[in-house]
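Asker: My file is final-v9.tsv. It has TSV, C-alpha atoms:
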chain	number	residue	atom	x	y	z
A	1351	MET	CA	128.45	145.73	41.25
A	1352	ALA	CA	128.14	142.40	43.02
A	1353	THR	CA	124.68	141.35	44.09
A	1354	ARG	CA	124.07	140.60	47.72
A	1355	SER	CA	122.74	137.14	48.55
A	1356	THR	CA	119.55	136.95	50.61
A	1357	THR	CA	120.29	133.36	51.64
A	1358	PRO	CA	121.38	133.18	55.29
A	1359	ALA	CA	124.95	132.07	55.76
A	1360	PRO	CA	125.31	128.59	57.24
A	1361	PRO	CA	126.29	128.46	60.91
A	1362	PRO	CA	129.96	127.92	61.63
A	1363	ALA	CA	131.00	124.30	61.78
A	1364	ARG	CA	130.96	122.81	65.24
A	1365	ARG	CA	133.42	120.35	66.62
A	1366	GLY	CA	130.61	118.24	67.99
A	1367	SER	CA	128.06	118.61	70.75
A	1368	PRO	CA	129.36	118.49	74.30
A	1369	ALA	CA	129.56	114.96	75.63
A	1370	LEU	CA	126.97	113.98	78.19
A	1371	LYS	CA	129.59	112.55	80.54
A	1372	ASP	CA	129.84	114.80	83.62
A	1373	ALA	CA	128.54	117.75	81.60
A	1374	THR	CA	125.58	118.27	83.94
A	1375	ALA	CA	124.82	117.78	87.60
A	1376	ILE	CA	121.89	117.39	89.96
A	1377	VAL	CA	122.07	120.33	92.35
A	1378	GLY	CA	118.73	120.24	94.11
A	1379	ILE	CA	116.30	117.62	95.41
A	1380	GLY	CA	112.93	117.97	97.09
A	1381	GLN	CA	110.05	115.86	98.25
A	1382	THR	CA	106.77	115.94	100.12
A	1383	PRO	CA	105.90	113.63	103.00
A	1384	PHE	CA	104.85	110.12	101.98
A	1385	ALA	CA	101.67	108.50	103.26
A	1386	ARG	CA	98.88	106.18	102.26
A	1387	ARG	CA	96.67	109.25	101.91
A	1388	LEU	CA	97.59	112.92	101.51
A	1389	GLU	CA	94.85	115.53	101.18
A	1390	ALA	CA	96.67	117.84	98.73
A	1391	SER	CA	96.15	117.41	94.98
A	1392	GLU	CA	98.83	115.93	92.73
A	1393	LYS	CA	99.45	119.40	91.28
A	1394	THR	CA	99.95	120.90	94.73
A	1395	LEU	CA	102.26	118.06	95.76
A	1396	ALA	CA	104.27	118.48	92.55
A	1397	CYS	CA	104.73	122.21	93.11
A	1398	ARG	CA	105.79	121.69	96.71
A	1399	ALA	CA	108.43	119.14	95.71
A	1400	ILE	CA	109.73	121.29	92.85
A	1401	LEU	CA	109.95	124.45	94.96
A	1402	ALA	CA	111.76	122.48	97.67
A	1403	ALA	CA	114.25	121.20	95.10
A	1404	LEU	CA	114.86	124.70	93.74
A	1405	ASP	CA	115.35	126.05	97.25
A	1406	ASP	CA	117.78	123.21	97.92
A	1407	ALA	CA	119.75	124.33	94.85
A	1408	GLY	CA	119.47	128.03	95.62
A	1409	ILE	CA	117.89	128.76	92.21
A	1410	PRO	CA	114.77	130.95	91.84
A	1411	PRO	CA	111.81	129.43	89.95
A	1412	SER	CA	111.98	132.22	87.36
A	1413	GLN	CA	115.21	130.71	86.00
A	1414	VAL	CA	113.67	127.30	85.21
A	1415	ASP	CA	113.47	126.79	81.45
A	1416	ALA	CA	113.13	123.00	81.10
A	1417	PHE	CA	110.81	120.32	82.43
A	1418	ALA	CA	110.76	116.53	82.18
A	1419	SER	CA	108.37	114.00	83.64
A	1420	TYR	CA	106.36	110.85	82.90
A	1421	THR	CA	103.58	110.33	80.37
A	1422	MET	CA	101.62	108.86	83.29
A	1423	GLU	CA	102.01	112.12	85.24
A	1424	GLU	CA	98.60	113.76	85.76
A	1425	THR	CA	100.11	117.24	86.11
A	1426	ASP	CA	101.66	118.98	83.08
A	1427	GLU	CA	104.46	121.44	82.41
A	1428	VAL	CA	102.06	124.25	81.43
A	1429	GLU	CA	100.29	124.31	84.78
A	1430	ILE	CA	103.43	123.58	86.75
A	1431	ALA	CA	105.38	126.38	85.03
A	1432	LYS	CA	102.65	128.91	85.77
A	1433	SER	CA	102.17	127.75	89.33
A	1434	ILE	CA	105.82	127.95	90.37
A	1435	GLY	CA	106.54	131.14	88.41
A	1436	ALA	CA	108.91	129.75	85.79
A	1437	GLY	CA	110.22	131.92	82.97
A	1438	ASP	CA	110.14	131.11	79.26
A	1439	VAL	CA	110.44	127.33	78.81
A	1440	THR	CA	112.61	126.10	75.95
A	1441	PHE	CA	112.55	122.35	76.55
A	1442	PHE	CA	109.95	119.89	77.83
A	1443	ALA	CA	109.66	116.14	77.53
A	1444	ARG	CA	107.80	113.14	78.86
A	1445	THR	CA	108.74	109.49	78.94
A	1446	GLY	CA	106.42	106.50	78.94
A	1447	PHE	CA	106.27	103.08	80.60
A	1448	GLY	CA	105.57	104.07	84.19
A	1449	GLY	CA	108.50	103.33	86.45
A	1450	GLY	CA	110.75	102.83	83.44
A	1451	ALA	CA	110.70	106.60	82.93
A	1452	SER	CA	112.31	107.73	86.18
A	1453	CYS	CA	115.97	107.95	85.17
A	1454	ALA	CA	115.04	109.01	81.64
A	1455	THR	CA	113.59	112.27	82.93
A	1456	VAL	CA	117.01	113.27	84.27
A	1457	ALA	CA	118.74	111.94	81.16
A	1458	HIS	CA	116.57	114.07	78.87
A	1459	LEU	CA	117.24	117.20	80.90
A	1460	ALA	CA	120.96	116.44	80.92
A	1461	ALA	CA	120.99	116.07	77.13
A	1462	ALA	CA	119.03	119.29	76.65
A	1463	ILE	CA	121.32	121.27	78.92
A	1464	ALA	CA	124.51	119.75	77.52
A	1465	THR	CA	123.43	120.74	74.00
A	1466	GLY	CA	122.44	124.28	74.92
A	1467	GLN	CA	118.67	123.88	74.65
A	1468	ALA	CA	118.10	124.90	78.27
A	1469	SER	CA	119.97	125.97	81.38
A	1470	VAL	CA	117.91	124.95	84.44
A	1471	GLY	CA	115.86	121.78	84.25
A	1472	VAL	CA	113.35	120.29	86.67
A	1473	ALA	CA	112.27	116.64	86.67
A	1474	TRP	CA	109.42	115.50	88.89
A	1475	ARG	CA	106.87	112.83	89.69
A	1476	SER	CA	103.70	113.41	91.70
A	1477	ARG	CA	101.42	110.51	92.42
A	1478	LYS	CA	98.42	109.65	94.57
A	1479	ARG	CA	98.53	105.88	94.23
A	1480	GLY	CA	97.75	105.19	97.86
A	1481	SER	CA	94.45	107.07	97.79
A	1482	GLY	CA	93.81	106.85	94.06
A	1483	PRO	CA	92.26	104.24	91.75
A	1484	ARG	CA	93.96	101.12	90.40
A	1485	PRO	CA	94.60	101.48	86.63
A	1486	TRP	CA	93.58	97.91	85.82
A	1487	ARG	CA	90.10	98.35	87.34
A	1488	ASN	CA	88.91	100.34	84.32
A	1489	THR	CA	87.35	97.63	82.15
A	1490	ARG	CA	85.58	100.04	79.79
A	1491	THR	CA	88.66	101.11	77.88
A	1492	GLN	CA	90.17	99.22	74.97
A	1493	LEU	CA	93.08	97.11	76.15
A	1494	PRO	CA	96.47	98.05	74.70
A	1495	THR	CA	97.80	95.37	72.37
A	1496	PRO	CA	100.20	93.71	74.86
A	1497	ALA	CA	97.46	93.42	77.49
A	1498	GLN	CA	95.17	91.61	75.06
A	1499	TRP	CA	97.55	88.66	75.34
A	1500	THR	CA	97.65	88.65	79.15
A	1501	ARG	CA	94.68	90.14	80.99
A	1502	PRO	CA	91.96	87.90	79.54
A	1503	TYR	CA	93.96	84.95	80.87
A	1504	GLY	CA	94.35	86.12	84.45
A	1505	LEU	CA	97.44	88.34	84.38
A	1506	ILE	CA	95.49	91.38	85.51
A	1507	ARG	CA	98.02	93.33	87.55
A	1508	PRO	CA	101.75	93.96	87.21
A	1509	ALA	CA	102.19	91.67	90.22
A	1510	ASP	CA	100.66	88.79	88.25
A	1511	GLU	CA	103.06	89.27	85.34
A	1512	ILE	CA	106.14	89.55	87.56
A	1513	ALA	CA	104.96	86.50	89.53
A	1514	MET	CA	105.12	84.45	86.34
A	1515	LEU	CA	108.68	85.62	85.65
A	1516	ALA	CA	109.62	84.97	89.28
A	1517	ARG	CA	108.34	81.40	89.10
A	1518	ARG	CA	110.35	80.79	85.93
A	1519	TYR	CA	113.44	82.26	87.56
A	1520	MET	CA	112.98	80.01	90.58
A	1521	HIS	CA	112.55	76.97	88.33
A	1522	GLU	CA	115.53	77.65	86.07
A	1523	TYR	CA	118.08	78.96	88.58
A	1524	GLY	CA	117.03	77.67	91.98
A	1525	ALA	CA	116.00	80.98	93.50
A	1526	THR	CA	113.91	80.64	96.64
A	1527	ARG	CA	111.60	82.79	98.70
A	1528	ASP	CA	114.49	83.25	101.11
A	1529	HIS	CA	116.33	85.14	98.38
A	1530	PHE	CA	113.35	87.41	97.84
A	1531	PHE	CA	113.17	87.92	101.61
A	1532	ASN	CA	116.81	89.04	101.56
A	1533	VAL	CA	115.75	91.90	99.29
A	1534	ALA	CA	112.71	92.85	101.35
A	1535	ARG	CA	114.70	92.74	104.59
A	1536	ALA	CA	117.51	94.94	103.27
A	1537	CYS	CA	115.07	97.61	102.13
A	1538	ARG	CA	113.16	97.47	105.42
A	1539	ASN	CA	116.37	97.68	107.47
A	1540	HIS	CA	117.40	100.78	105.54
A	1541	ALA	CA	113.93	102.29	105.98
A	1542	ALA	CA	114.34	101.80	109.72
A	1543	ARG	CA	117.02	104.52	109.61
A	1544	ASN	CA	114.93	106.89	107.47
A	1545	PRO	CA	112.29	108.91	109.35
A	1546	ALA	CA	110.65	109.86	106.04
A	1547	ALA	CA	110.00	106.23	105.13
A	1548	VAL	CA	106.46	104.89	105.40
A	1549	MET	CA	107.84	101.73	107.01
A	1550	HIS	CA	110.11	103.54	109.46
A	1551	GLY	CA	109.86	101.82	112.84
A	1552	ARG	CA	108.21	98.70	111.41
A	1553	PRO	CA	110.76	95.85	111.33
A	1554	LEU	CA	110.28	92.84	109.06
A	1555	THR	CA	111.12	89.36	110.34
A	1556	ARG	CA	111.45	86.21	108.31
A	1557	GLU	CA	108.42	84.71	110.06
A	1558	THR	CA	106.29	87.76	109.25
A	1559	TYR	CA	107.41	87.58	105.64
A	1560	MET	CA	106.87	83.84	105.21
A	1561	THR	CA	103.42	83.79	106.79
A	1562	SER	CA	102.02	86.88	105.04
A	1563	ARG	CA	99.19	86.58	102.54
A	1564	TRP	CA	99.78	85.90	98.87
A	1565	ILE	CA	99.35	88.72	96.39
A	1566	SER	CA	100.19	86.61	93.34
A	1567	GLU	CA	102.00	83.39	94.16
A	1568	PRO	CA	104.99	83.15	94.62
A	1569	LEU	CA	104.84	86.85	95.58
A	1570	CYS	CA	103.57	87.60	99.07
A	1571	LEU	CA	102.56	90.93	100.57
A	1572	TYR	CA	106.15	91.97	101.30
A	1573	ASP	CA	107.38	91.17	97.79
A	1574	ASN	CA	105.26	94.07	96.54
A	1575	CYS	CA	105.94	97.78	96.68
A	1576	LEU	CA	103.99	100.19	98.85
A	1577	GLU	CA	100.97	102.16	97.71
A	1578	THR	CA	101.59	105.77	98.64
A	1579	ASP	CA	100.83	109.39	97.90
A	1580	GLY	CA	103.70	111.84	97.46
A	1581	ALA	CA	105.89	113.81	95.09
A	1582	LEU	CA	109.61	114.27	94.40
A	1583	ALA	CA	111.70	116.50	92.16
A	1584	CYS	CA	115.28	117.30	91.24
A	1585	VAL	CA	117.09	120.20	89.54
A	1586	VAL	CA	119.67	119.71	86.77
A	1587	VAL	CA	122.13	122.36	85.53
A	1588	SER	CA	125.42	122.43	83.65
A	1589	ALA	CA	128.57	121.32	85.44
A	1590	ASP	CA	129.94	124.87	85.20
A	1591	ARG	CA	126.91	126.38	86.87
A	1592	ALA	CA	126.72	123.58	89.43
A	1593	ARG	CA	129.92	124.76	91.07
A	1594	ASP	CA	128.17	127.95	92.19
A	1595	CYS	CA	125.02	126.33	93.56
A	1596	ARG	CA	124.11	125.94	97.20
A	1597	ARG	CA	124.78	122.18	97.37
A	1598	SER	CA	127.68	120.03	96.26
A	1599	PRO	CA	126.99	118.85	92.69
A	1600	VAL	CA	126.22	115.23	91.87
A	1601	TYR	CA	127.33	114.68	88.28
A	1602	VAL	CA	125.38	112.75	85.66
A	1603	HIS	CA	128.23	110.57	84.43
A	1604	SER	CA	126.27	108.31	82.08
A	1605	ALA	CA	122.65	107.70	81.14
A	1606	ALA	CA	120.83	105.16	79.01
A	1607	GLN	CA	117.45	103.82	78.01
A	1608	GLY	CA	116.69	100.24	77.01
A	1609	LEU	CA	114.00	98.65	74.85
A	1610	PRO	CA	114.98	95.09	73.83
A	1611	ALA	CA	114.07	93.57	70.49
A	1612	GLN	CA	110.66	91.91	70.40
A	1613	HIS	CA	109.81	93.23	73.85
A	1614	HIS	CA	106.31	92.45	75.13
A	1615	GLY	CA	105.43	94.09	78.41
A	1616	MET	CA	106.61	92.49	81.61
A	1617	VAL	CA	106.12	88.94	80.43
A	1618	ASN	CA	108.52	89.11	77.46
A	1619	TYR	CA	106.56	86.49	75.55
A	1620	TRP	CA	108.35	87.01	72.25
A	1621	ASN	CA	111.89	87.20	73.54
A	1622	ASP	CA	114.16	84.22	73.00
A	1623	ASP	CA	114.73	84.33	76.75
A	1624	PRO	CA	112.04	86.10	78.82
A	1625	LEU	CA	114.49	86.52	81.72
A	1626	THR	CA	116.77	88.67	79.59
A	1627	SER	CA	115.06	91.82	80.69
A	1628	PRO	CA	115.32	95.44	79.48
A	1629	SER	CA	118.13	96.09	81.96
A	1630	TRP	CA	120.50	94.12	79.73
A	1631	THR	CA	119.84	96.50	76.83
A	1632	ALA	CA	120.13	99.62	78.97
A	1633	ALA	CA	123.27	98.34	80.70
A	1634	ARG	CA	125.22	97.85	77.48
A	1635	GLN	CA	124.69	101.50	76.58
A	1636	LEU	CA	125.22	102.76	80.12
A	1637	TRP	CA	128.62	101.13	80.68
A	1638	LYS	CA	129.79	101.81	77.13
A	1639	THR	CA	130.20	105.51	77.83
A	1640	ALA	CA	131.35	105.27	81.46
A	1641	ASP	CA	134.82	105.56	82.95
A	1642	PHE	CA	134.07	102.86	85.52
A	1643	GLY	CA	132.23	99.54	85.70
A	1644	PRO	CA	130.00	97.51	88.03
A	1645	ALA	CA	132.92	96.62	90.32
A	1646	ASP	CA	133.45	100.33	90.99
A	1647	ILE	CA	129.91	101.09	92.19
A	1648	ASP	CA	129.82	102.05	95.85
A	1649	VAL	CA	126.05	102.05	96.31
A	1650	ALA	CA	123.05	101.22	94.12
A	1651	GLN	CA	119.44	102.32	93.97
A	1652	ILE	CA	117.76	99.53	92.00
A	1653	TYR	CA	114.10	99.64	91.08
A	1654	ASP	CA	112.17	97.45	93.49
A	1655	ALA	CA	108.47	97.43	92.68
A	1656	PHE	CA	108.79	93.68	93.32
A	1657	THR	CA	111.58	91.79	95.07
A	1658	PRO	CA	112.42	89.44	92.12
A	1659	LEU	CA	113.36	92.49	90.04
A	1660	ILE	CA	116.47	92.96	92.16
A	1661	PRO	CA	118.26	89.69	91.24
A	1662	LEU	CA	117.22	90.14	87.60
A	1663	SER	CA	118.69	93.66	87.61
A	1664	LEU	CA	121.87	92.58	89.41
A	1665	GLU	CA	122.50	90.22	86.51
A	1666	GLY	CA	121.43	92.67	83.81
A	1667	TYR	CA	123.72	95.45	85.05
A	1668	GLY	CA	126.68	93.12	85.38
A	1669	PHE	CA	127.15	92.69	89.12
A	1670	CYS	CA	127.06	88.91	88.75
A	1671	GLY	CA	126.64	86.22	86.10
A	1672	ARG	CA	123.46	84.90	84.58
A	1673	GLY	CA	121.44	83.00	87.15
A	1674	GLU	CA	123.59	84.25	90.03
A	1675	GLY	CA	121.42	87.19	91.12
A	1676	ALA	CA	119.58	85.26	93.81
A	1677	ALA	CA	122.76	83.96	95.42
A	1678	PHE	CA	124.22	87.48	95.27
A	1679	THR	CA	121.63	88.58	97.87
A	1680	GLU	CA	122.97	86.17	100.51
A	1681	ASP	CA	125.11	86.98	103.57
A	1682	GLY	CA	123.86	90.54	103.91
A	1683	ALA	CA	125.23	91.59	100.52
A	1684	LEU	CA	122.55	94.25	100.06
A	1685	GLU	CA	122.84	95.73	103.56
A	1686	LEU	CA	125.16	98.46	104.83
A	1687	GLY	CA	128.63	96.92	104.92
A	1688	GLY	CA	127.68	94.35	102.28
A	1689	ARG	CA	128.97	93.82	98.75
A	1690	LEU	CA	126.47	96.25	97.25
A	1691	PRO	CA	124.28	98.26	99.64
A	1692	LEU	CA	121.12	99.16	97.80
A	1693	ASN	CA	117.96	101.20	98.20
A	1694	THR	CA	119.36	102.86	101.27
A	1695	GLY	CA	116.30	105.04	101.81
A	1696	GLY	CA	114.05	101.99	101.84
A	1697	GLY	CA	113.16	101.99	98.14
A	1698	GLY	CA	109.72	101.30	96.74
A	1699	LEU	CA	109.32	98.39	99.11
A	1700	SER	CA	109.73	100.31	102.35
A	1701	GLU	CA	110.16	104.08	101.84
A	1702	ALA	CA	107.52	105.02	99.27
A	1703	TYR	CA	106.45	104.01	95.79
A	1704	VAL	CA	106.41	107.04	93.51
A	1705	HIS	CA	107.41	105.26	90.30
A	1706	GLY	CA	111.03	105.04	91.41
A	1707	PHE	CA	111.84	108.75	91.66
A	1708	ASN	CA	112.86	108.37	95.31
A	1709	LEU	CA	115.74	106.18	94.13
A	1710	ILE	CA	117.16	109.19	92.26
A	1711	THR	CA	116.93	111.51	95.25
A	1712	GLU	CA	118.44	108.87	97.55
A	1713	GLY	CA	121.32	108.42	95.12
A	1714	VAL	CA	121.97	112.15	95.37
A	1715	ARG	CA	121.91	112.03	99.17
A	1716	GLN	CA	124.40	109.17	99.20
A	1717	LEU	CA	126.89	111.11	97.07
A	1718	ARG	CA	126.37	114.22	99.17
A	1719	GLY	CA	127.07	112.14	102.28
A	1720	THR	CA	123.68	112.96	103.83
A	1721	SER	CA	121.78	109.66	103.61
A	1722	THR	CA	120.22	108.25	106.76
A	1723	ALA	CA	121.91	104.95	105.83
A	1724	GLN	CA	125.14	106.44	104.54
A	1725	VAL	CA	127.72	104.27	102.78
A	1726	PRO	CA	131.07	105.64	103.98
A	1727	GLY	CA	132.93	107.48	101.23
A	1728	ALA	CA	130.35	106.73	98.54
A	1729	ALA	CA	131.47	108.38	95.29
A	1730	THR	CA	129.65	106.37	92.60
A	1731	CYS	CA	126.01	105.30	92.41
A	1732	LEU	CA	123.92	103.32	89.95
A	1733	VAL	CA	120.24	104.27	89.76
A	1734	THR	CA	117.86	102.14	87.72
A	1735	ALA	CA	114.28	102.54	86.55
A	1736	GLY	CA	111.52	99.96	86.15
A	1737	GLU	CA	112.66	96.45	85.29
A	1738	GLY	CA	110.41	94.42	82.99
A	1739	VAL	CA	109.31	97.46	80.98
A	1740	PRO	CA	111.27	99.72	78.61
A	1741	THR	CA	113.65	101.22	81.12
A	1742	SER	CA	116.39	103.73	81.87
A	1743	ALA	CA	119.37	104.12	84.16
A	1744	LEU	CA	121.86	106.67	85.49
A	1745	LEU	CA	125.41	106.57	86.71
A	1746	LEU	CA	125.97	109.34	89.23
A	1747	ARG	CA	129.27	110.41	90.75
A	1748	SER	CA	130.37	113.00	93.28
Would you put the structure from the file into structure tokens?
Answerer:
Amino acid sequence: MATRSTTPAPPPARRGSPALKDATAIVGIGQTPFARRLEASEKTLACRAILAALDDAGIPPSQVDAFASYTMEETDEVEIAKSIGAGDVTFFARTGFGGGASCATVAHLAAAIATGQASVGVAWRSRKRGSGPRPWRNTRTQLPTPAQWTRPYGLIRPADEIAMLARRYMHEYGATRDHFFNVARACRNHAARNPAAVMHGRPLTRETYMTSRWISEPLCLYDNCLETDGALACVVVSADRARDCRRSPVYVHSAAQGLPAQHHGMVNYWNDDPLTSPSWTAARQLWKTADFGPADIDVAQIYDAFTPLIPLSLEGYGFCGRGEGAAFTEDGALELGGRLPLNTGGGGLSEAYVHGFNLITEGVRQLRGTSTAQVPGAATCLVTAGEGVPTSALLLRS
């Protein structure tokens, strides 16, 4: 009589995990109001944004089984899951590097859902930066290794580090403050159409820009993002399920993260070329798996904590050649009707600064056709996360 093996049989061979391309979609977005000061806690704001996103998708909270957010997020998936009434959670993840994490949260959910680890994912960011403390003011904690090479020598804030890169960019490629103003003006003009934007109804003239106070020369007040309280969220499901949701799906066509060799914070001290930023690394991976390229992008949501990041990102993601990012901003190129309308909700410069998550939700609105600064017929959108730090990016399509 043959003996029966107690060793479990191996699973049947698979033909490979589903490809990420268009396998998932964003089907719900939600946000709180934005303001310099909101009374609600970050946890309360997060729950409000998440529940709004789920309602937008037509999915009950009990069906959520995946969460993704930032390591800098003060709320956590345990408390959020309990507070919104989620079911059993089978996937949760966090990504570091502040604004560099925004697109990665969606990418991680997309990968989890495409590989069968979860079915309904929620990504969120809740932040009280307008009414909260400044991270660099805490002098009692041990500096992380990169900061030990910068902060003792006067580069205290992110603005100081980006200012140094901006000055080098101006020196090497002839960029001027007028080019940075082009970025600030485009974002402000788009915010003028967006009632939810903090800077709605507050136009920006060249004179106002040029005569504003320095924050870290050559960066003036309007080269810097806003300081706001608020929260945003989005819901990700499989492409099959997305067809039955309340809203038209916006597909995650491609996603990537980027950490260049010998990277060193925002200053890139150890790189052969400090102006070759993390976007170059992320872009190579992003376009490698896409069915279209930079010339096919209808609208872009490019991370804008500081205006010089836009020309650097335009070069990194392939919209123009090296050193041509500043000139790309001329002649209204970034405005509605221009070569590449960007940050159509106002971005971090003029809508709200919540570590770039509002760029994701605005990308979704553009491809739904519901933006307050709608690009006619927009079908493809690039969304990028923080430039200057390990970053991430998404290609979305309708």
Asker: Do you know which residues are at most 9 Å from Pro1610 of chain A counting all atoms listed in the file, after dropping those on the same chain fewer than 4 positions away, and could you put them as a VMD selection string?
Answerer: chain A and resid 1621 1626 to 1632 1740
Asker: Keeping only C-alpha atoms, write those residues as a short mmCIF file (atom, residue, chain, number, x, y, z; two decimals), in the coordinates of the input.
Answerer:
data_model
loop_
_atom_site.label_atom_id
_atom_site.label_comp_id
_atom_site.auth_asym_id
_atom_site.auth_seq_id
_atom_site.Cartn_x
_atom_site.Cartn_y
_atom_site.Cartn_z
CA ASN A 1621 111.89 87.20 73.54
CA THR A 1626 116.77 88.67 79.59
CA SER A 1627 115.06 91.82 80.69
CA PRO A 1628 115.32 95.44 79.48
CA SER A 1629 118.13 96.09 81.96
CA TRP A 1630 120.50 94.12 79.73
CA THR A 1631 119.84 96.50 76.83
CA ALA A 1632 120.13 99.62 78.97
CA PRO A 1740 111.27 99.72 78.61
#
Asker: Residues at most 9 Å from Cys1397 of chain A, counting only C-alpha atoms, excluding those fewer than 2 positions away in the same chain, as a list in words?
Answerer: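 Residues near the query, excluding close chain neighbours: Glu1392, Lys1393, Thr1394, Leu1395, Ala1399, Ile1400, Leu1401, Ala1402, Ile1430, Ser1433, Ile1434, Ser1476 and Ala1581 of chain A.
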Asker: Which residue out of A:Leu1745, A:Arg1634, A:Val1439, A:Val1602 has the minimum interatomic distance to Ala1589 of chain A when only C-alpha atoms are used?
Answerer: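 Going through A:Leu1745, A:Arg1634, A:Val1439, A:Val1602 one by one, the smallest distance to Ala1589 of chain A is for A:Val1602.
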Asker: Go ahead and compute the interatomic distance for atom CA of Ala1536 of chain A and atom CA of Glu1685 of chain A, in Å to one decimal.
Answerer: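 Calculated distance between atom CA of Ala1536 of chain A and atom CA of Glu1685 of chain A is 5.4 Å.
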Asker: Which is closer to Ala1677 of chain A than all the others in A:His1529, A:Arg1538, A:Arg1596, A:Arg1556, using only C-alpha atoms?
Answerer: A:His1529
Asker: How many Å separate atom CA of Cys1537 of chain A from atom CA of Gly1695 of chain A?
Answerer: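 Going from atom CA of Cys1537 of chain A over to atom CA of Gly1695 of chain A covers 7.5 Å.
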Asker: Atom CA of Glu1424 of chain A and atom CA of His1614 of chain A are how many Å apart?
Answerer: 25.0 Å
Asker: For a quick check of understanding, using all atoms listed in the file, which of A:Leu1684, A:Val1725, A:Thr1639, A:Pro1624 has the smallest distance to Tyr1519 of chain A?
Answerer: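 Residue with the minimum atom-to-atom distance to Tyr1519 of chain A: A:Pro1624.
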Asker: Find the residues around Glu1665 of chain A up to 9 Å (only C-alpha atoms counted), leave out those fewer than 4 positions away in its own chain, and share them as a list in words.
Answerer: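 The filter keeps Ser1629, Trp1630, Ile1660, Pro1661, Phe1669, Cys1670, Gly1671, Arg1672, Gly1673, Glu1674 and Gly1675 of chain A.
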Asker: Counting all atoms listed in the file, which residue out of A:Met1616, A:Ala1403, A:Ala1390, A:Leu1571 sits closest to Val1739 of chain A?
Answerer: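 Among the listed residues, the smallest separation from Val1739 of chain A belongs to A:Met1616.
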Asker: Choose the residue, out of A:Lys1478, A:Gly1713, A:Val1600, A:Gly1719, that has the smallest atom-to-atom separation from Ser1391 of chain A; count only C-alpha atoms.
Answerer: A:Lys1478
Asker: Counting all atoms listed in the file, what is within 8 Å of Glu1511 of chain A, bar same-chain residues fewer than 5 positions away, as a PDB file with C-alpha atoms, in the coordinates of the input?
Answerer:
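The resulting file, selection17.pdb, is shown below:
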ATOM      1  CA  LEU A1505      97.440  88.340  84.380  1.00  0.00           C
ATOM      2  CA  ILE A1506      95.490  91.380  85.510  1.00  0.00           C
ATOM      3  CA  MET A1616     106.610  92.490  81.610  1.00  0.00           C
ATOM      4  CA  VAL A1617     106.120  88.940  80.430  1.00  0.00           C
TER       5      VAL A1617
END
Asker: I'd like to know which of A:Val1377, A:Leu1709, A:Ala1369, A:Ala1385 is closest to Ala1546 of chain A, using only C-alpha atoms.
Answerer: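 Between A:Val1377, A:Leu1709, A:Ala1369, A:Ala1385, the residue approaching Ala1546 of chain A most closely is A:Ala1385.
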Asker: Could you tell me, as number ranges by chain, which residues have any atom at most 10 Å from (115.1, 93.4, 105.2), counting all atoms listed in the file?
Answerer: A: 1530-1542, 1553-1556, 1559, 1572, 1682, 1684-1685, 1696, 1699-1700
Asker: Would you mind exporting the chosen residues as a PDB file, in the frame of the given file, restricted to C-alpha atoms?
Answerer:
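Result saved to result-v3.pdb:
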ATOM      1  CA  PHE A1530     113.350  87.410  97.840  1.00  0.00           C
ATOM      2  CA  PHE A1531     113.170  87.920 101.610  1.00  0.00           C
ATOM      3  CA  ASN A1532     116.810  89.040 101.560  1.00  0.00           C
ATOM      4  CA  VAL A1533     115.750  91.900  99.290  1.00  0.00           C
ATOM      5  CA  ALA A1534     112.710  92.850 101.350  1.00  0.00           C
ATOM      6  CA  ARG A1535     114.700  92.740 104.590  1.00  0.00           C
ATOM      7  CA  ALA A1536     117.510  94.940 103.270  1.00  0.00           C
ATOM      8  CA  CYS A1537     115.070  97.610 102.130  1.00  0.00           C
ATOM      9  CA  ARG A1538     113.160  97.470 105.420  1.00  0.00           C
ATOM     10  CA  ASN A1539     116.370  97.680 107.470  1.00  0.00           C
ATOM     11  CA  HIS A1540     117.400 100.780 105.540  1.00  0.00           C
ATOM     12  CA  ALA A1541     113.930 102.290 105.980  1.00  0.00           C
ATOM     13  CA  ALA A1542     114.340 101.800 109.720  1.00  0.00           C
ATOM     14  CA  PRO A1553     110.760  95.850 111.330  1.00  0.00           C
ATOM     15  CA  LEU A1554     110.280  92.840 109.060  1.00  0.00           C
ATOM     16  CA  THR A1555     111.120  89.360 110.340  1.00  0.00           C
ATOM     17  CA  ARG A1556     111.450  86.210 108.310  1.00  0.00           C
ATOM     18  CA  TYR A1559     107.410  87.580 105.640  1.00  0.00           C
ATOM     19  CA  TYR A1572     106.150  91.970 101.300  1.00  0.00           C
ATOM     20  CA  GLY A1682     123.860  90.540 103.910  1.00  0.00           C
ATOM     21  CA  LEU A1684     122.550  94.250 100.060  1.00  0.00           C
ATOM     22  CA  GLU A1685     122.840  95.730 103.560  1.00  0.00           C
ATOM     23  CA  GLY A1696     114.050 101.990 101.840  1.00  0.00           C
ATOM     24  CA  LEU A1699     109.320  98.390  99.110  1.00  0.00           C
ATOM     25  CA  SER A1700     109.730 100.310 102.350  1.00  0.00           C
TER      26      SER A1700
END
Asker: Any idea what's packed within 7 Å of segment 1453-1465 of chain A, counting all atoms listed in the file, ignoring anything in its chain fewer than 5 positions away? Could you give it as a VMD selection string?
Answerer: chain A and resid 1367 to 1368 1370 1373 to 1374 1418 to 1419 1445 1471 1473 1586 to 1588 1605 1607 1734 to 1735 1742 to 1744
